[in-house]
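Coordinates from my_file_2.pdb are shown below (PDB, C-alpha atoms and all ligand atoms).
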```
ATOM      1  CA  MET T   1      86.441  81.442 118.175
ATOM      2  CA  ILE T   2      86.560  79.015 115.270
ATOM      3  CA  ALA T   3      83.579  76.967 114.102
ATOM      4  CA  LEU T   4      83.835  74.302 111.425
ATOM      5  CA  LYS T   5      80.469  72.863 110.457
ATOM      6  CA  ASP T   6      80.316  69.556 108.588
ATOM      7  CA  ILE T   7      83.374  70.326 106.436
ATOM      8  CA  LYS T   8      83.987  68.082 103.459
ATOM      9  CA  VAL T   9      86.986  68.349 101.149
ATOM     10  CA  VAL T  10      87.316  66.291  97.976
ATOM     11  CA  PHE T  11      90.493  66.450  95.888
ATOM     12  CA  GLY T  12      90.483  65.482  92.195
ATOM     13  CA  LYS T  13      86.708  65.164  92.033
ATOM     14  CA  GLY T  14      85.515  62.989  89.141
ATOM     15  CA  THR T  15      89.030  61.673  88.410
ATOM     16  CA  PRO T  16      90.426  58.199  89.184
ATOM     17  CA  LEU T  17      92.517  59.885  91.926
ATOM     18  CA  GLN T  18      89.476  61.355  93.717
ATOM     19  CA  LYS T  19      90.180  61.585  97.447
ATOM     20  CA  GLN T  20      87.862  62.595 100.269
ATOM     21  CA  ALA T  21      90.396  64.279 102.572
ATOM     22  CA  LEU T  22      87.850  65.591 105.093
ATOM     23  CA  ASN T  23      84.548  63.823 105.548
ATOM     24  CA  GLY T  24      82.174  65.899 107.641
ATOM     25  CA  VAL T  25      84.448  67.538 110.231
ATOM     26  CA  SER T  26      82.634  69.654 112.828
ATOM     27  CA  LEU T  27      84.690  71.430 115.473
ATOM     28  CA  THR T  28      84.121  74.482 117.658
ATOM     29  CA  ILE T  29      87.177  75.984 119.340
ATOM     30  CA  GLU T  30      86.744  78.721 121.916
ATOM     31  CA  GLN T  31      88.766  81.932 121.735
ATOM     32  CA  GLY T  32      92.193  81.378 123.299
ATOM     33  CA  SER T  33      91.941  77.594 123.324
ATOM     34  CA  PHE T  34      94.988  75.569 122.208
ATOM     35  CA  VAL T  35      94.147  72.323 120.401
ATOM     36  CA  THR T  36      96.690  69.678 119.405
ATOM     37  CA  VAL T  37      95.852  67.664 116.284
ATOM     38  CA  ILE T  38      97.174  64.141 115.701
ATOM     39  CA  GLY T  39      96.520  61.389 113.181
ATOM     40  CA  SER T  40      98.393  59.007 110.925
ATOM     41  CA  ASN T  41      99.757  59.939 107.475
ATOM     42  CA  GLY T  42      96.969  61.019 105.148
ATOM     43  CA  ALA T  43      94.447  61.437 107.985
ATOM     44  CA  GLY T  44      93.574  64.970 106.852
ATOM     45  CA  LYS T  45      95.527  67.102 109.360
ATOM     46  CA  SER T  46      97.175  69.457 106.859
ATOM     47  CA  THR T  47      93.925  69.680 104.910
ATOM     48  CA  LEU T  48      92.185  70.783 108.114
ATOM     49  CA  LEU T  49      94.740  73.587 108.586
ATOM     50  CA  GLY T  50      94.440  74.359 104.856
ATOM     51  CA  VAL T  51      90.683  74.941 105.035
ATOM     52  CA  LEU T  52      91.208  77.278 107.995
ATOM     53  CA  ALA T  53      94.002  79.194 106.227
ATOM     54  CA  GLY T  54      91.983  79.338 103.005
ATOM     55  CA  ASP T  55      94.406  77.594 100.669
ATOM     56  CA  VAL T  56      92.028  74.628 100.496
ATOM     57  CA  LEU T  57      88.405  75.486  99.831
ATOM     58  CA  ALA T  58      85.799  73.217 101.405
ATOM     59  CA  SER T  59      83.568  71.326  98.979
ATOM     60  CA  GLU T  60      80.766  71.470 101.562
ATOM     61  CA  GLY T  61      80.194  72.962 105.003
ATOM     62  CA  GLN T  62      80.736  76.302 106.716
ATOM     63  CA  ILE T  63      83.719  77.959 108.440
ATOM     64  CA  LEU T  64      83.396  80.823 110.894
ATOM     65  CA  ILE T  65      86.338  82.734 112.359
ATOM     66  CA  GLY T  66      84.907  84.908 115.107
ATOM     67  CA  SER T  67      81.666  86.138 113.611
ATOM     68  CA  THR T  68      83.048  86.201 110.036
ATOM     69  CA  ASP T  69      81.906  83.531 107.592
ATOM     70  CA  VAL T  70      85.120  82.761 105.670
ATOM     71  CA  THR T  71      83.882  79.639 103.878
ATOM     72  CA  LYS T  72      84.366  81.157 100.429
ATOM     73  CA  VAL T  73      87.177  83.581 101.327
ATOM     74  CA  ALA T  74      90.583  82.639  99.831
ATOM     75  CA  THR T  75      93.941  82.887 101.629
ATOM     76  CA  ALA T  76      94.659  86.574 100.932
ATOM     77  CA  GLY T  77      91.253  87.567 102.288
ATOM     78  CA  ARG T  78      91.954  85.750 105.583
ATOM     79  CA  ALA T  79      95.514  87.038 106.008
ATOM     80  CA  GLY T  80      94.641  89.376 108.858
ATOM     81  CA  LEU T  81      92.617  86.678 110.639
ATOM     82  CA  VAL T  82      94.863  83.637 110.451
ATOM     83  CA  ALA T  83      98.642  83.173 110.817
ATOM     84  CA  ARG T  84     100.468  79.960 110.020
ATOM     85  CA  VAL T  85     103.879  78.463 110.789
ATOM     86  CA  PHE T  86     105.019  75.522 108.667
ATOM     87  CA  GLN T  87     107.215  72.466 109.270
ATOM     88  CA  ASP T  88     109.868  73.677 106.839
ATOM     89  CA  PRO T  89     111.583  76.750 108.339
ATOM     90  CA  LEU T  90     112.131  77.999 104.764
ATOM     91  CA  THR T  91     108.377  78.210 104.136
ATOM     92  CA  GLY T  92     106.504  81.241 105.370
ATOM     93  CA  SER T  93     109.354  83.746 105.288
ATOM     94  CA  CYS T  94     111.469  85.087 102.437
ATOM     95  CA  GLY T  95     115.152  84.067 102.550
ATOM     96  CA  ALA T  96     116.296  86.900 100.286
ATOM     97  CA  LEU T  97     114.816  89.582 102.562
ATOM     98  CA  SER T  98     116.248  90.722 105.894
ATOM     99  CA  ILE T  99     114.741  89.852 109.284
ATOM    100  CA  GLU T 100     113.223  93.325 109.603
ATOM    101  CA  GLU T 101     111.838  93.276 106.049
ATOM    102  CA  ASN T 102     110.168  89.938 106.761
ATOM    103  CA  LEU T 103     108.698  91.373 109.963
ATOM    104  CA  ALA T 104     107.451  94.433 108.074
ATOM    105  CA  LEU T 105     105.732  92.230 105.504
ATOM    106  CA  ALA T 106     104.159  90.125 108.241
ATOM    107  CA  ALA T 107     102.881  93.224 110.040
ATOM    108  CA  ARG T 108     101.262  94.365 106.796
ATOM    109  CA  ARG T 109      99.404  91.088 106.167
ATOM    110  CA  GLY T 110      95.944  91.792 104.897
ATOM    111  CA  GLU T 111      96.843  95.411 104.100
ATOM    112  CA  LYS T 112      97.835  96.953 100.786
ATOM    113  CA  ARG T 113     100.633  99.382 101.680
ATOM    114  CA  GLY T 114     104.195  98.613 100.546
ATOM    115  CA  LEU T 115     107.340  97.678 102.391
ATOM    116  CA  SER T 116     108.966 101.129 102.510
ATOM    117  CA  ALA T 117     105.936 102.619 104.285
ATOM    118  CA  ALA T 118     106.129  99.742 106.726
ATOM    119  CA  LEU T 119     109.694 100.397 107.905
ATOM    120  CA  GLY T 120     109.730 103.742 109.692
ATOM    121  CA  THR T 121     112.116 104.279 112.622
ATOM    122  CA  LYS T 122     109.445 103.560 115.248
ATOM    123  CA  ARG T 123     108.443 100.303 113.622
ATOM    124  CA  ARG T 124     112.097  99.247 113.264
ATOM    125  CA  GLU T 125     112.536  99.806 117.005
ATOM    126  CA  HIS T 126     109.345  97.878 117.768
ATOM    127  CA  PHE T 127     110.507  94.920 115.632
ATOM    128  CA  ARG T 128     113.927  95.020 117.278
ATOM    129  CA  GLU T 129     112.315  94.851 120.737
ATOM    130  CA  ARG T 130     110.121  91.912 119.744
ATOM    131  CA  ILE T 131     113.123  90.018 118.353
ATOM    132  CA  ALA T 132     115.246  90.865 121.444
ATOM    133  CA  GLU T 133     112.605  89.078 123.577
ATOM    134  CA  LEU T 134     113.677  85.812 121.923
ATOM    135  CA  ASN T 135     117.080  86.058 123.674
ATOM    136  CA  LEU T 136     118.834  84.669 120.621
ATOM    137  CA  GLY T 137     120.887  87.798 119.901
ATOM    138  CA  LEU T 138     119.069  88.299 116.610
ATOM    139  CA  GLU T 139     118.255  91.921 117.492
ATOM    140  CA  ASN T 140     121.835  92.679 116.393
ATOM    141  CA  ARG T 141     121.238  91.024 113.019
ATOM    142  CA  MET T 142     118.013  92.742 111.931
ATOM    143  CA  ARG T 143     119.435  93.526 108.470
ATOM    144  CA  ASP T 144     120.807  90.024 107.885
ATOM    145  CA  ARG T 145     119.047  87.973 105.242
ATOM    146  CA  MET T 146     116.673  85.372 106.648
ATOM    147  CA  ASP T 147     118.479  82.603 104.768
ATOM    148  CA  LEU T 148     121.558  83.179 106.955
ATOM    149  CA  LEU T 149     119.651  81.999 110.041
ATOM    150  CA  SER T 150     119.543  78.426 111.360
ATOM    151  CA  GLY T 151     116.261  76.520 111.049
ATOM    152  CA  GLY T 152     115.438  77.075 114.725
ATOM    153  CA  GLN T 153     116.245  80.808 114.617
ATOM    154  CA  ARG T 154     114.070  81.104 111.527
ATOM    155  CA  GLN T 155     111.140  79.320 113.217
ATOM    156  CA  ALA T 156     111.505  81.660 116.214
ATOM    157  CA  VAL T 157     111.310  84.691 113.894
ATOM    158  CA  SER T 158     108.360  83.056 112.073
ATOM    159  CA  LEU T 159     106.502  82.812 115.395
ATOM    160  CA  VAL T 160     107.079  86.520 116.050
ATOM    161  CA  MET T 161     105.930  87.251 112.482
ATOM    162  CA  ALA T 162     102.748  85.254 113.127
ATOM    163  CA  THR T 163     101.755  87.658 115.909
ATOM    164  CA  LEU T 164     102.450  90.990 114.202
ATOM    165  CA  ALA T 165      99.275  91.467 112.167
ATOM    166  CA  GLY T 166      97.041  90.860 115.190
ATOM    167  CA  SER T 167      95.534  87.591 113.891
ATOM    168  CA  GLU T 168      93.508  85.754 116.513
ATOM    169  CA  VAL T 169      94.093  82.314 115.009
ATOM    170  CA  LEU T 170      97.462  80.552 114.905
ATOM    171  CA  LEU T 171      97.982  77.395 112.830
ATOM    172  CA  LEU T 172     101.102  75.346 113.547
ATOM    173  CA  ASP T 173     101.850  72.602 111.036
ATOM    174  CA  GLU T 174     104.449  70.326 112.696
ATOM    175  CA  HIS T 175     106.505  73.465 113.226
ATOM    176  CA  THR T 176     109.145  71.761 115.411
ATOM    177  CA  ALA T 177     109.474  68.521 113.410
ATOM    178  CA  ALA T 178     112.541  69.638 111.441
ATOM    179  CA  LEU T 179     114.449  70.944 114.493
ATOM    180  CA  ASP T 180     116.936  69.280 116.831
ATOM    181  CA  PRO T 181     115.474  68.325 120.258
ATOM    182  CA  GLY T 182     116.954  71.345 122.088
ATOM    183  CA  MET T 183     115.687  73.852 119.541
ATOM    184  CA  ALA T 184     112.310  72.051 119.351
ATOM    185  CA  GLU T 185     111.953  72.482 123.133
ATOM    186  CA  PHE T 186     112.874  76.175 122.878
ATOM    187  CA  ILE T 187     110.334  76.743 120.091
ATOM    188  CA  MET T 188     107.594  74.947 122.055
ATOM    189  CA  LYS T 189     108.231  77.104 125.144
ATOM    190  CA  LEU T 190     108.124  80.188 122.945
ATOM    191  CA  THR T 191     104.913  78.930 121.322
ATOM    192  CA  GLN T 192     103.261  78.449 124.710
ATOM    193  CA  LYS T 193     104.314  81.928 125.851
ATOM    194  CA  ILE T 194     103.041  83.635 122.698
ATOM    195  CA  VAL T 195      99.764  81.682 122.633
ATOM    196  CA  SER T 196      98.929  82.408 126.273
ATOM    197  CA  GLU T 197     100.072  86.059 126.303
ATOM    198  CA  ARG T 198      98.124  86.873 123.143
ATOM    199  CA  LYS T 199      95.215  84.527 123.858
ATOM    200  CA  LEU T 200      95.497  83.032 120.382
ATOM    201  CA  THR T 201      93.094  80.345 119.249
ATOM    202  CA  THR T 202      95.618  77.715 118.206
ATOM    203  CA  LEU T 203      95.680  74.437 116.290
ATOM    204  CA  MET T 204      98.964  72.544 116.348
ATOM    205  CA  VAL T 205      99.476  69.474 114.154
ATOM    206  CA  THR T 206     102.081  67.118 115.581
ATOM    207  CA  HIS T 207     103.281  63.552 115.087
ATOM    208  CA  SER T 208     104.632  63.513 118.636
ATOM    209  CA  MET T 209     102.106  62.014 121.064
ATOM    210  CA  ARG T 210     104.146  63.471 123.936
ATOM    211  CA  GLN T 211     103.785  66.991 122.504
ATOM    212  CA  ALA T 212     100.099  66.380 121.802
ATOM    213  CA  LEU T 213      99.404  65.662 125.475
ATOM    214  CA  ASP T 214     101.923  68.031 127.077
ATOM    215  CA  PHE T 215     100.784  71.182 125.288
ATOM    216  CA  GLY T 216      97.430  72.860 124.883
ATOM    217  CA  HIS T 217      93.998  72.250 126.380
ATOM    218  CA  ARG T 218      92.455  69.721 124.059
ATOM    219  CA  THR T 219      93.547  66.959 121.672
ATOM    220  CA  VAL T 220      91.778  65.916 118.478
ATOM    221  CA  MET T 221      92.652  62.785 116.491
ATOM    222  CA  LEU T 222      91.780  62.546 112.802
ATOM    223  CA  HIS T 223      91.496  59.329 110.852
ATOM    224  CA  GLY T 224      90.259  58.934 107.286
ATOM    225  CA  GLY T 225      89.146  62.570 107.224
ATOM    226  CA  GLU T 226      86.994  62.233 110.352
ATOM    227  CA  ILE T 227      87.445  63.171 113.999
ATOM    228  CA  VAL T 228      87.809  59.911 115.916
ATOM    229  CA  LEU T 229      88.916  61.341 119.280
ATOM    230  CA  ASP T 230      88.261  64.703 120.939
ATOM    231  CA  VAL T 231      89.464  64.961 124.554
ATOM    232  CA  ALA T 232      89.920  67.779 127.043
ATOM    233  CA  GLY T 233      89.963  68.340 130.814
ATOM    234  CA  ASP T 234      90.346  65.358 133.171
ATOM    235  CA  ASN T 235      89.811  62.804 130.396
ATOM    236  CA  ARG T 236      92.855  64.231 128.645
ATOM    237  CA  LYS T 237      94.903  64.513 131.834
ATOM    238  CA  ASN T 238      94.349  60.811 132.449
ATOM    239  CA  LEU T 239      95.491  59.847 128.949
ATOM    240  CA  GLN T 240      98.986  58.427 128.535
ATOM    241  CA  VAL T 241     101.149  58.458 125.424
ATOM    242  CA  GLU T 242     100.713  54.665 125.305
ATOM    243  CA  ASP T 243      96.901  55.086 125.163
ATOM    244  CA  LEU T 244      97.231  57.254 122.064
ATOM    245  CA  ILE T 245      99.612  54.794 120.449
ATOM    246  CA  ASP T 246      97.108  51.996 121.149
ATOM    247  CA  MET T 247      94.415  54.069 119.439
ATOM    248  CA  PHE T 248      96.672  54.560 116.416
ATOM    249  CA  ARG T 249      97.202  50.806 116.279
ATOM    250  CA  LYS T 250      93.484  50.110 116.387
ATOM    251  CA  MET T 251      92.702  52.767 113.768
ATOM    252  CA  ARG T 252      95.295  51.447 111.393
ATOM    253  CA  GLY T 253      94.528  47.827 112.195
ATOM    254  CA  GLU T 254      98.199  47.070 112.435
ATOM    255  CA  THR T 255     101.148  47.051 114.803
ATOM    256  CA  LEU T 256     103.332  50.117 114.762
ATOM    257  CA  ASP T 257     106.977  49.175 114.715
ATOM    258  CA  ASP T 258     108.023  52.821 114.952
ATOM    259  CA  ASP T 259     106.461  53.631 118.339
ATOM    260  CA  ALA T 260     109.599  55.543 119.294
ATOM    261  CA  LEU T 261     108.816  58.101 116.625
ATOM    262  CA  LEU T 262     105.388  58.778 118.082
ATOM    263  CA  ILE T 263     106.622  58.969 121.675
ATOM    264  CA  GLY T 264     109.271  61.598 120.869
TER     265      GLY T 264
HETATM  266  N1  LIG Y 301      96.227  68.803  96.702
HETATM  267  C1  LIG Y 301      95.870  67.524  96.830
HETATM  268  N2  LIG Y 301      95.466  66.800  95.751
HETATM  269  C2  LIG Y 301      95.098  65.513  95.869
HETATM  270  N3  LIG Y 301      95.072  64.832  97.019
HETATM  271  C3  LIG Y 301      95.488  65.472  98.131
HETATM  272  C4  LIG Y 301      95.912  66.851  98.091
HETATM  273  N4  LIG Y 301      96.245  67.229  99.347
HETATM  274  C5  LIG Y 301      96.066  66.157 100.134
HETATM  275  N5  LIG Y 301      95.587  65.101  99.410
HETATM  276  C6  LIG Y 301      95.249  63.772  99.932
HETATM  277  O1  LIG Y 301      94.286  63.966 100.964
HETATM  278  C7  LIG Y 301      94.566  63.064 102.064
HETATM  279  C8  LIG Y 301      94.794  63.869 103.328
HETATM  280  O2  LIG Y 301      96.037  64.558 103.196
HETATM  281  P1  LIG Y 301      96.672  65.488 104.343
HETATM  282  O3  LIG Y 301      97.920  66.061 103.767
HETATM  283  O4  LIG Y 301      95.642  66.407 104.863
HETATM  284  O5  LIG Y 301      97.016  64.405 105.453
HETATM  285  P2  LIG Y 301      97.895  64.583 106.774
HETATM  286  O6  LIG Y 301      97.103  64.007 107.893
HETATM  287  O7  LIG Y 301      98.364  65.967 106.910
HETATM  288  O8  LIG Y 301      99.104  63.605 106.445
HETATM  289  P3  LIG Y 301     100.690  63.703 106.826
HETATM  290  O9  LIG Y 301     100.804  63.371 108.260
HETATM  291  O10 LIG Y 301     101.287  62.649 105.935
HETATM  292  O11 LIG Y 301     101.159  65.086 106.479
HETATM  293  C9  LIG Y 301      95.759  62.223 101.637
HETATM  294  O12 LIG Y 301      95.283  61.020 101.077
HETATM  295  C10 LIG Y 301      96.429  63.066 100.575
HETATM  296  O13 LIG Y 301      97.125  62.271  99.630
END
```
Starting from the coordinates I provided, produce the structure as structure tokens.
Amino acid sequence: MIALKDIKVVFGKGTPLQKQALNGVSLTIEQGSFVTVIGSNGAGKSTLLGVLAGDVLASEGQILIGSTDVTKVATAGRAGLVARVFQDPLTGSCGALSIEENLALAARRGEKRGLSAALGTKRREHFRERIAELNLGLENRMRDRMDLLSGGQRQAVSLVMATLAGSEVLLLDEHTAALDPGMAEFIMKLTQKIVSERKLTTLMVTHSMRQALDFGHRTVMLHGGEIVLDVAGDNRKNLQVEDLIDMFRKMRGETLDDDALLIG
């Protein structure tokens, strides 16, 4: 379970560039629930994921993950609680390390022991099995450097990495946006499988209205650092992509001439 209570985030406080990125966001997400997060550029989506991951500290408010108050806990202190996959496949894994070394590091998140202790024969076999489940043939390339993989292969490995430390919360920051349509579809199927099998509490930021409605249990729209839409159940089932695009138009007070981008 995640609970955000009246979260405010101000960047550059007291400077001419002061920006209120989140303005009183309250959100409770049940264990195992999958929430899609939409909103126009600058709405506060990445900041919302940032306050959950700990790399942005809230100026006001309280954050609970399970029963732990993490409001003042920085990223390293939340590593075993929260996993994150980024838009850029190069972020979140180390290109100079092999697939199995990256997996070993991910499995050790939140712990202090080194890499060599993490790569015993049993663990190597376990990692190999997890990677074989992807059906991408990467189990035969466990000692290849990560930077030899395609963007999609790397995102697939990143998703496996996100599950290894036993975190209950998964944050997905437009993690299919840089992939071709076929690979994006593969990664979304994999995401759904992992989230439901492991009952992960998940927030997925997306610019695709289709993705926002097709995946997960609930959709939240941010605008100007506030939640302006929060739908689940039948209300969400009855929503069409066009309805969301209309809402974007109204929020922005303008006509979108790039609707195709949002539909995709
Ligand atoms: N580190 C920072 N310093 C100053 N301002 C920031 C910082 N991070 C974000 N902002 C500002 O806070 C606001 C919210 O940004 P955020 O990145 O959360 O939006 P977003 O909804 O993720 O947008 P996008 O869809 O463009 O990624 C924006 O106005 C942004 O310029």
Report as a ChimeraX atom specification all protein, DNA and RNA residues lying within 7 Å of Glu60 in chain T, evaluated on only C-alpha atoms, omitting residues in the same chain fewer than 5 positions from it.
/T:7-9
List as a ChimeraX atom specification the protein and nucleic acid residues near Asn41 in chain T, meaning an atom at most 12 Å away when only C-alpha atoms are counted, but skip any in the same chain fewer than 4 places from it.
/T:21,45-47,205-207,221-225,248,251-252
Any idea what's packed within 12 Å of Glu125 in chain T, counting only C-alpha atoms, ignoring anything in its chain fewer than 6 positions away? Could you give it as a ChimeraX atom specification?
/T:100,103-104,119,131-132,139-140,142
Can you list, as a PDB file with C-alpha atoms, in the coordinates of the input, every protein, DNA or RNA residue that comes within 8 Å of range 166-174 of chain T when you count only C-alpha atoms, leaving out same-chain residues fewer than 3 positions away?
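Written out: result34.pdb:
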```pdb
ATOM      1  CA  SER T  46      97.175  69.457 106.859  1.00  0.00           C
ATOM      2  CA  LEU T  49      94.740  73.587 108.586  1.00  0.00           C
ATOM      3  CA  ALA T  53      94.002  79.194 106.227  1.00  0.00           C
ATOM      4  CA  ALA T  79      95.514  87.038 106.008  1.00  0.00           C
ATOM      5  CA  GLY T  80      94.641  89.376 108.858  1.00  0.00           C
ATOM      6  CA  LEU T  81      92.617  86.678 110.639  1.00  0.00           C
ATOM      7  CA  VAL T  82      94.863  83.637 110.451  1.00  0.00           C
ATOM      8  CA  ALA T  83      98.642  83.173 110.817  1.00  0.00           C
ATOM      9  CA  ARG T  84     100.468  79.960 110.020  1.00  0.00           C
ATOM     10  CA  VAL T  85     103.879  78.463 110.789  1.00  0.00           C
ATOM     11  CA  PHE T  86     105.019  75.522 108.667  1.00  0.00           C
ATOM     12  CA  GLN T  87     107.215  72.466 109.270  1.00  0.00           C
ATOM     13  CA  ALA T 162     102.748  85.254 113.127  1.00  0.00           C
ATOM     14  CA  THR T 163     101.755  87.658 115.909  1.00  0.00           C
ATOM     15  CA  ALA T 177     109.474  68.521 113.410  1.00  0.00           C
ATOM     16  CA  LYS T 199      95.215  84.527 123.858  1.00  0.00           C
ATOM     17  CA  LEU T 200      95.497  83.032 120.382  1.00  0.00           C
ATOM     18  CA  THR T 201      93.094  80.345 119.249  1.00  0.00           C
ATOM     19  CA  THR T 202      95.618  77.715 118.206  1.00  0.00           C
ATOM     20  CA  LEU T 203      95.680  74.437 116.290  1.00  0.00           C
ATOM     21  CA  MET T 204      98.964  72.544 116.348  1.00  0.00           C
ATOM     22  CA  VAL T 205      99.476  69.474 114.154  1.00  0.00           C
ATOM     23  CA  THR T 206     102.081  67.118 115.581  1.00  0.00           C
ATOM     24  CA  HIS T 207     103.281  63.552 115.087  1.00  0.00           C
TER      25      HIS T 207
END
```
Using all atoms listed in the file: which of T:Leu27, T:Ala43, T:Cys94, T:Met146 has the shortest distance to ligand LIG 301 (chain Y)
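Result for the nearest residue to ligand LIG 301 (chain Y): T:Ala43.
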Between T:Asp214, T:Glu129, T:Asp55, T:Asp147, which residue has the minimum interatomic distance to ligand LIG 301 (chain Y), considering only C-alpha atoms and all ligand atoms?
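Answer, going by the shortest atom-to-atom distance: T:Asp55.
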Distance in Å - CA of Thr191 in chain T versus CA of Leu159 in chain T:
7.3 Å
Using the file's own x, y and z axes, so that the box edges lie along x, y and z, what centre and edge lengths in Å (one decimal) does a box around every listed atom of range 25-30 of chain T get when 3 Å is added on each side? Give it as lines of an AutoDock Vina configuration file.
```
center_x = 84.9
center_y = 73.1
center_z = 116.1
size_x = 10.5
size_y = 17.2
size_z = 17.7
```
Please, what distance in Å, to one decimal, runs between CA of Thr36 in chain T and CA of Ala184 in chain T?
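Between these atoms lies a distance of 15.8 Å.
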Quick one, how far is CA of Leu229 in chain T from CA of Ser40 in chain T?
12.8 Å
So, counting only C-alpha atoms and all ligand atoms, which residue among T:Val70, T:Ile63, T:Leu134, T:Ile227 is closest to ligand LIG 301 (chain Y)?
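For ligand LIG 301 (chain Y), the nearest of the given residues is T:Ile227.
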Pick out the residues sitting within 10 Å of His217 in chain T, and hand them over as a PyMOL selection string; count only C-alpha atoms, and ignore anything fewer than 4 positions along from it in its own chain.
chain T and resi 32-36+202+212-213+231-233+236-237
Applied to the shown file, which residues does the PyMOL selection byres (((chain T and resi 133) around 12) and not hetatm) return, written as a list in words?
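What the PyMOL selection byres (((chain T and resi 133) around 12) and not hetatm) grabs from the file is His126, Phe127, Arg128, Glu129, Arg130, Ile131, Ala132, Leu134, Asn135, Leu136, Gly137, Leu138, Glu139, Ala156, Val157, Leu159, Val160, Leu190, Lys193 and Ile194 of chain T.
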Specify as a list in words each residue included when the PyMOL selection byres (((chain T and resi 183) around 12) and not hetatm) is applied to this file.
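When the PyMOL selection byres (((chain T and resi 183) around 12) and not hetatm) is applied to the shown file, the picked residues are Leu136, Ser150, Gly151, Gly152, Gln153, Arg154, Gln155, Ala156, His175, Thr176, Ala177, Ala178, Leu179, Asp180, Pro181, Gly182, Ala184, Glu185, Phe186, Ile187, Met188, Lys189 and Leu190 of chain T.
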Those selected residues, please, written with C-alpha atoms and delivered as an mmCIF file, keeping the file's coordinate frame.
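Contents of again02.cif, as written:
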```cif
data_model
loop_
_atom_site.group_PDB
_atom_site.id
_atom_site.type_symbol
_atom_site.label_atom_id
_atom_site.label_comp_id
_atom_site.auth_asym_id
_atom_site.auth_seq_id
_atom_site.Cartn_x
_atom_site.Cartn_y
_atom_site.Cartn_z
ATOM 1 C CA LEU T 136 118.834 84.669 120.621
ATOM 2 C CA SER T 150 119.543 78.426 111.360
ATOM 3 C CA GLY T 151 116.261 76.520 111.049
ATOM 4 C CA GLY T 152 115.438 77.075 114.725
ATOM 5 C CA GLN T 153 116.245 80.808 114.617
ATOM 6 C CA ARG T 154 114.070 81.104 111.527
ATOM 7 C CA GLN T 155 111.140 79.320 113.217
ATOM 8 C CA ALA T 156 111.505 81.660 116.214
ATOM 9 C CA HIS T 175 106.505 73.465 113.226
ATOM 10 C CA THR T 176 109.145 71.761 115.411
ATOM 11 C CA ALA T 177 109.474 68.521 113.410
ATOM 12 C CA ALA T 178 112.541 69.638 111.441
ATOM 13 C CA LEU T 179 114.449 70.944 114.493
ATOM 14 C CA ASP T 180 116.936 69.280 116.831
ATOM 15 C CA PRO T 181 115.474 68.325 120.258
ATOM 16 C CA GLY T 182 116.954 71.345 122.088
ATOM 17 C CA ALA T 184 112.310 72.051 119.351
ATOM 18 C CA GLU T 185 111.953 72.482 123.133
ATOM 19 C CA PHE T 186 112.874 76.175 122.878
ATOM 20 C CA ILE T 187 110.334 76.743 120.091
ATOM 21 C CA MET T 188 107.594 74.947 122.055
ATOM 22 C CA LYS T 189 108.231 77.104 125.144
ATOM 23 C CA LEU T 190 108.124 80.188 122.945
#
```
Just checking: using all atoms listed in the file, which residue out of T:Asn235, T:Gln18, T:Gln211, T:Thr71 ends up closest to ligand LIG 301 (chain Y)?
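Of T:Asn235, T:Gln18, T:Gln211, T:Thr71, the one nearest ligand LIG 301 (chain Y) is T:Gln18, counting all atoms listed in the file.
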Would you write out, as a PyMOL selection string, every residue that the PyMOL selection byres (((chain T and resi 66) around 8) and not hetatm) captures in this file?
chain T and resi 1-2+64-65+67-68
Name the closest residue to Glu101 in chain T among the candidates T:Met161, T:Leu239, T:Ala3, T:Leu17; distances are taken between atoms, counting only C-alpha atoms.
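Checking each candidate against Glu101 in chain T, we get T:Met161 as the closest.
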Pick from T:Thr15, T:Gln20, T:Thr75, T:Ser26: nearest to ligand LIG 301 (chain Y), with all atoms listed in the file counted?
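That would be T:Gln20, the residue with the smallest distance to ligand LIG 301 (chain Y).
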